[in-house]
Amino acid sequence: MSIRTRFAPSPTGYLHIGGARTALFSYLFARRHGGEFVLRVEDTDQARSTPESVQAILDGMQWLNLDYDEGPFYQTERMDRYRAVIETLLATGHAYHCYASKEELEALRAAQEARGEKPRYDRRYRDFTGTPPAGVSPVVRFKNPLDGEVVVEDGVRGRVVFANSELDDLIIARSDGTPTYNLTVVVDDIDMRITHVIRGDDHLNNTPRQINLYHALGATPPQFAHLPMIHGPDGAKLSKRHGAVSVMQYREEGYLPEALLNYLVRLGWSHGDQEVFTRAEMIALFDIAGINHSAASINPDKLRWLNQQYLKTQDPAKTSVEFSWHLARAGLSAESGPAPEAVIRAYADRVHTLVEMTEAARPFYASLSGYDPQALAKLDESAPSILDALRAALGDQNLWASTEALDQAVKQVAETLGVKLGKVGPLLRLALLGHTSSPSLGVTLALFSPAEVAHRLAALRAQLAK
């Protein structure tokens, strides 16, 4: 059997972190077993679905590089197929028209609640053969079996049993003829030959109803695996108040897609004590049996740590794509300063996100807007002569052949002037960056051209002369 999984988001918002994890697990399972991964957009809710949300989902999948083999398929383009299935279910006695009005159903619910009963449709039109009431556009309901049970052999939860007597006759077509979720998802999964459905456990209650629909249509249900929910750090259900929940927000906050995927795979799945996984390792090791049964909680500190690991170990050429995106977003051009790869190598162990790196790198790509006033206040009357000596010593372009040569040139200035390096280094950093924090002096100097170093030393010298 060829494994086929799918990710089927509803475009009623952005691709959120929970959806991205579902997509990742479905992708990894298909890839590990040499199967196929399908993307389907469940856009039948026209009141809430928007083109912007569809594009946001596609953008998120592309940024995470969760490449799908088929799709995207859109449910709105399959309406004729759903209507044909509904007619088949009506013709074979597996569905019926229900003429209960909204007022009827509200009265039924109120009476049931008054008696302390579970509110549910009482199947009053299940075997109706009379004259339909005038002025009512009927819905179509599925004839759920009245007895027996549905057994779900869930890949995460194990065996889950549902009594058919507890399930109602769900609506599969609204009064305007449009199909509902439980019908469309079953038809799609049959037509797309989906073998394994990995989704959130908020769908578990839909599963027995869908399994009964599969049987009514003469199809074998796929295997199901329902993922526990993701909670915030406080243990509550994940919401916007916990911070960035949209995948693209994580990009805007400076996280690498590889780091976010690594973080997501560990939200509810584990392989021993391993924390950092390459994509190849995720594919080789991912197993539904390794999914935890309890809810996972997001940990922003862990994501920041993971992101720094990737900044330090990933090929800078690969990271530079995202870094250049952040430079442009900050109004900076990668063409106006050092190669992004060089900045990444210099700052990878000093920052946790690309936003932090972009701010730290701003002086390399833009003119200084000023100097740290506290650093200026600490300077004494020796500063001008030190700046002059630095400018003279660093005028030799041959020094730029190595960071070690640049470091040595700065140390030589301190020795020649008879001052401590701790007095020369901060002054040089202040001239170059406007503040006194940076990587080693040689590495920092190498990110500038000799001409720009001379210009900035002269600029601070002129500032002090005022």
# chains A, B, ... in the order shown; residues from 1 in each chain; ligands from 1
call {"tool": "residues_around", "arguments": {"residues": "Val85 in chain A", "least_positions_apart": "2", "cutoff": "12 Å", "atoms": "only C-alpha atoms", "output": "PyMOL selection string"}}
result
chain A and resi 78-83+87-92+94-95+140+142+172-173+179+183-184+186-188+190-191+213-214+216-218
call {"tool": "residues_around", "arguments": {"residues": "range 52-65 of chain A", "least_positions_apart": "6", "cutoff": "7 Å", "atoms": "only C-alpha atoms", "output": "PDB file with C-alpha atoms, in the first residue's frame"}}
result
ATOM      1  CA  PRO A  11      -8.479  29.419   4.952  1.00  0.00           C
ATOM      2  CA  THR A  12     -10.243  31.376   7.673  1.00  0.00           C
ATOM      3  CA  GLY A  13      -6.996  32.836   9.049  1.00  0.00           C
ATOM      4  CA  TYR A  14      -3.259  32.475   8.812  1.00  0.00           C
ATOM      5  CA  LEU A  15      -1.293  29.232   9.040  1.00  0.00           C
ATOM      6  CA  VAL A 247       3.965  30.931  11.190  1.00  0.00           C
ATOM      7  CA  MET A 248       4.878  34.092   9.297  1.00  0.00           C
ATOM      8  CA  PRO A 257      12.412  28.064   9.095  1.00  0.00           C
TER       9      PRO A 257
END
call {"tool": "closest_residue", "arguments": {"among": "A:Pro363, A:Pro384, A:Pro300, A:Gly442", "to": "Tyr250 in chain A", "atoms": "only C-alpha atoms"}}
result
A:Pro300
call {"tool": "select_by_dssp", "arguments": {"residues": "range 192-295 of chain A", "states": "alpha helix (DSSP H)", "output": "ChimeraX atom specification"}}
result
/A:207-216,247-252,257-265,279-285
call {"tool": "write_last_selection", "arguments": {"atoms": "N, CA and C atoms", "output": "short mmCIF file (atom, residue, chain, number, x, y, z; two decimals), in the first residue's frame"}}
result
data_model
loop_
_atom_site.label_atom_id
_atom_site.label_comp_id
_atom_site.auth_asym_id
_atom_site.auth_seq_id
_atom_site.Cartn_x
_atom_site.Cartn_y
_atom_site.Cartn_z
N THR A 207 -14.65 11.83 14.06
CA THR A 207 -14.15 10.61 13.42
C THR A 207 -15.17 9.49 13.34
N PRO A 208 -15.92 9.16 14.40
CA PRO A 208 -16.89 8.05 14.25
C PRO A 208 -17.97 8.38 13.23
N ARG A 209 -18.42 9.60 13.15
CA ARG A 209 -19.41 10.00 12.14
C ARG A 209 -18.84 9.82 10.74
N GLN A 210 -17.57 10.22 10.58
CA GLN A 210 -16.94 10.09 9.27
C GLN A 210 -16.72 8.62 8.90
N ILE A 211 -16.36 7.80 9.87
CA ILE A 211 -16.17 6.38 9.59
C ILE A 211 -17.47 5.75 9.12
N ASN A 212 -18.58 6.13 9.73
CA ASN A 212 -19.88 5.61 9.29
C ASN A 212 -20.20 6.07 7.86
N LEU A 213 -19.79 7.28 7.52
CA LEU A 213 -19.98 7.77 6.15
C LEU A 213 -19.13 6.96 5.17
N TYR A 214 -17.88 6.67 5.54
CA TYR A 214 -17.03 5.83 4.69
C TYR A 214 -17.73 4.51 4.38
N HIS A 215 -18.25 3.88 5.43
CA HIS A 215 -18.90 2.58 5.23
C HIS A 215 -20.13 2.71 4.33
N ALA A 216 -20.90 3.79 4.51
CA ALA A 216 -22.10 4.00 3.69
C ALA A 216 -21.73 4.16 2.22
N VAL A 247 2.65 31.35 11.66
CA VAL A 247 3.96 30.93 11.19
C VAL A 247 4.76 32.12 10.67
N MET A 248 4.14 32.98 9.88
CA MET A 248 4.88 34.09 9.30
C MET A 248 5.25 35.14 10.34
N GLN A 249 4.57 35.15 11.48
CA GLN A 249 5.00 36.02 12.56
C GLN A 249 6.35 35.57 13.10
N TYR A 250 6.56 34.27 13.12
CA TYR A 250 7.85 33.76 13.57
C TYR A 250 8.95 34.20 12.61
N ARG A 251 8.63 34.25 11.33
CA ARG A 251 9.63 34.76 10.39
C ARG A 251 9.94 36.22 10.70
N GLU A 252 8.88 37.01 10.91
CA GLU A 252 9.07 38.43 11.19
C GLU A 252 9.86 38.65 12.48
N PRO A 257 13.41 29.12 9.31
CA PRO A 257 12.41 28.06 9.09
C PRO A 257 12.90 26.70 9.59
N GLU A 258 14.20 26.44 9.44
CA GLU A 258 14.74 25.16 9.89
C GLU A 258 14.64 25.03 11.41
N ALA A 259 14.88 26.14 12.12
CA ALA A 259 14.79 26.11 13.58
C ALA A 259 13.34 25.93 14.03
N LEU A 260 12.42 26.60 13.33
CA LEU A 260 11.01 26.47 13.70
C LEU A 260 10.52 25.05 13.46
N LEU A 261 10.92 24.43 12.36
CA LEU A 261 10.53 23.04 12.10
C LEU A 261 11.08 22.12 13.19
N ASN A 262 12.33 22.33 13.56
CA ASN A 262 12.94 21.52 14.62
C ASN A 262 12.16 21.70 15.93
N TYR A 263 11.77 22.94 16.19
CA TYR A 263 10.98 23.22 17.40
C TYR A 263 9.62 22.54 17.33
N LEU A 264 8.98 22.60 16.18
CA LEU A 264 7.66 22.00 16.01
C LEU A 264 7.69 20.48 16.17
N VAL A 265 8.74 19.86 15.63
CA VAL A 265 8.77 18.39 15.68
C VAL A 265 8.91 17.91 17.12
N ARG A 279 16.68 17.95 8.84
CA ARG A 279 15.46 17.49 8.15
C ARG A 279 15.58 16.01 7.80
N ALA A 280 16.77 15.60 7.37
CA ALA A 280 16.96 14.19 7.02
C ALA A 280 16.75 13.29 8.24
N GLU A 281 17.19 13.74 9.41
CA GLU A 281 16.98 12.95 10.63
C GLU A 281 15.51 12.91 11.01
N MET A 282 14.81 14.04 10.85
CA MET A 282 13.38 14.05 11.15
C MET A 282 12.66 13.00 10.29
N ILE A 283 12.97 12.98 9.01
CA ILE A 283 12.31 12.04 8.09
C ILE A 283 12.66 10.61 8.46
N ALA A 284 13.92 10.35 8.78
CA ALA A 284 14.35 8.99 9.07
C ALA A 284 13.81 8.47 10.39
N LEU A 285 13.59 9.38 11.36
CA LEU A 285 13.25 8.95 12.71
C LEU A 285 11.79 9.12 13.09
#
call {"tool": "closest_residue", "arguments": {"among": "A:Phe37, A:Tyr255, A:Tyr181, A:Tyr121", "to": "Leu354 in chain A", "atoms": "only C-alpha atoms"}}
result
A:Tyr255
call {"tool": "residues_around", "arguments": {"residues": "Ile344 in chain A", "least_positions_apart": "2", "cutoff": "8 Å", "atoms": "only C-alpha atoms", "output": "list in words"}}
result
Leu311, Pro316, Thr319, Ser320, Pro340, Glu341, Ala342, Ala346, Tyr347, Ala348 and Met357 of chain A
call {"tool": "write_last_selection", "arguments": {"atoms": "C-alpha atoms", "output": "compact mmCIF listing (two decimals), in the first residue's frame"}}
result
# COMPACT_ATOMS: atom_id res chain seq x y z
CA LEU A 311 22.56 30.43 13.33
CA PRO A 316 25.87 30.97 6.37
CA THR A 319 21.04 31.66 6.41
CA SER A 320 21.90 34.71 4.31
CA PRO A 340 25.75 38.86 4.74
CA GLU A 341 27.59 35.56 5.27
CA ALA A 342 30.46 37.41 6.96
CA ALA A 346 30.66 37.24 13.19
CA TYR A 347 27.41 37.56 15.14
CA ALA A 348 25.91 34.05 15.24
CA MET A 357 21.36 40.35 14.19
call {"tool": "closest_residue", "arguments": {"among": "A:Met1, A:Arg123, A:Val343, A:Ala375", "to": "Arg193 in chain A", "atoms": "only C-alpha atoms"}}
result
A:Met1
call {"tool": "closest_residue", "arguments": {"among": "A:Ala393, A:Met192, A:Ala163, A:Ile86", "to": "Ile3 in chain A", "atoms": "only C-alpha atoms"}}
result
A:Met192
call {"tool": "atom_distance", "arguments": {"atom1": "CA of Ser270 in chain A", "atom2": "CA of Asp189 in chain A"}}
result
28.4 Å
call {"tool": "residues_around", "arguments": {"residues": "Val152 in chain A", "least_positions_apart": "4", "cutoff": "7 Å", "atoms": "only C-alpha atoms", "output": "list of chain:residue names"}}
result
A:Arg159, A:Val160, A:Val161
call {"tool": "decode", "arguments": {"residues": "range 319-400 of chain A", "atoms": "C-alpha atoms", "output": "short mmCIF file (atom, residue, chain, number, x, y, z; two decimals), in the first residue's frame"}}
result
data_model
loop_
_atom_site.label_atom_id
_atom_site.label_comp_id
_atom_site.auth_asym_id
_atom_site.auth_seq_id
_atom_site.Cartn_x
_atom_site.Cartn_y
_atom_site.Cartn_z
CA THR A 319 21.04 31.66 6.41
CA SER A 320 21.90 34.71 4.31
CA VAL A 321 18.66 34.36 2.35
CA GLU A 322 16.64 35.06 5.49
CA PHE A 323 19.12 37.61 6.81
CA SER A 324 18.96 39.60 3.57
CA TRP A 325 15.14 39.55 3.84
CA HIS A 326 15.42 41.07 7.31
CA LEU A 327 17.92 43.69 6.15
CA ALA A 328 15.53 44.78 3.40
CA ARG A 329 12.63 44.84 5.87
CA ALA A 330 14.69 47.18 8.08
CA GLY A 331 15.35 49.49 5.13
CA LEU A 332 18.93 48.27 4.65
CA SER A 333 20.56 46.90 1.52
CA ALA A 334 22.89 43.91 1.62
CA GLU A 335 24.71 45.54 -1.29
CA SER A 336 25.77 48.55 0.79
CA GLY A 337 27.91 46.67 3.28
CA PRO A 338 29.77 43.43 3.93
CA ALA A 339 28.66 40.09 2.57
CA PRO A 340 25.75 38.86 4.74
CA GLU A 341 27.59 35.56 5.27
CA ALA A 342 30.46 37.41 6.96
CA VAL A 343 28.11 39.20 9.35
CA ILE A 344 26.37 35.92 10.17
CA ARG A 345 29.68 34.28 11.04
CA ALA A 346 30.66 37.24 13.19
CA TYR A 347 27.41 37.56 15.14
CA ALA A 348 25.91 34.05 15.24
CA ASP A 349 27.02 33.37 18.81
CA ARG A 350 26.04 36.85 20.02
CA VAL A 351 22.36 36.91 19.04
CA HIS A 352 19.36 34.57 19.13
CA THR A 353 17.28 35.91 16.24
CA LEU A 354 17.81 37.54 12.87
CA VAL A 355 16.00 40.64 14.12
CA GLU A 356 18.69 41.01 16.79
CA MET A 357 21.36 40.35 14.19
CA THR A 358 19.89 42.95 11.85
CA GLU A 359 19.94 45.63 14.54
CA ALA A 360 23.49 44.70 15.55
CA ALA A 361 24.56 44.85 11.90
CA ARG A 362 22.88 48.18 11.11
CA PRO A 363 26.15 50.19 11.39
CA PHE A 364 27.73 48.03 8.68
CA TYR A 365 25.02 48.93 6.16
CA ALA A 366 24.10 52.50 7.11
CA SER A 367 25.78 55.69 8.28
CA LEU A 368 25.96 56.26 12.01
CA SER A 369 23.16 58.38 13.40
CA GLY A 370 25.14 59.26 16.52
CA TYR A 371 27.24 57.92 19.36
CA ASP A 372 26.33 56.33 22.67
CA PRO A 373 26.29 59.33 25.05
CA GLN A 374 27.43 57.26 28.03
CA ALA A 375 30.43 55.97 26.07
CA LEU A 376 31.27 59.49 24.94
CA ALA A 377 31.14 60.73 28.53
CA LYS A 378 33.80 58.20 29.57
CA LEU A 379 36.39 59.47 27.07
CA ASP A 380 39.30 61.57 28.32
CA GLU A 381 41.79 63.92 26.70
CA SER A 382 43.79 61.00 25.25
CA ALA A 383 41.00 59.96 22.87
CA PRO A 384 41.95 62.28 19.94
CA SER A 385 45.56 61.08 19.89
CA ILE A 386 44.46 57.43 20.07
CA LEU A 387 42.10 57.98 17.13
CA ASP A 388 44.92 59.60 15.14
CA ALA A 389 47.22 56.67 15.89
CA LEU A 390 44.54 54.15 14.89
CA ARG A 391 43.90 55.96 11.64
CA ALA A 392 47.60 55.92 10.81
CA ALA A 393 48.09 52.27 11.78
CA LEU A 394 45.01 51.04 9.92
CA GLY A 395 45.88 52.91 6.75
CA ASP A 396 47.73 49.86 5.46
CA GLN A 397 45.25 47.98 3.28
CA ASN A 398 47.41 44.84 3.48
CA LEU A 399 46.19 44.39 7.05
CA TRP A 400 42.79 43.34 5.67
#
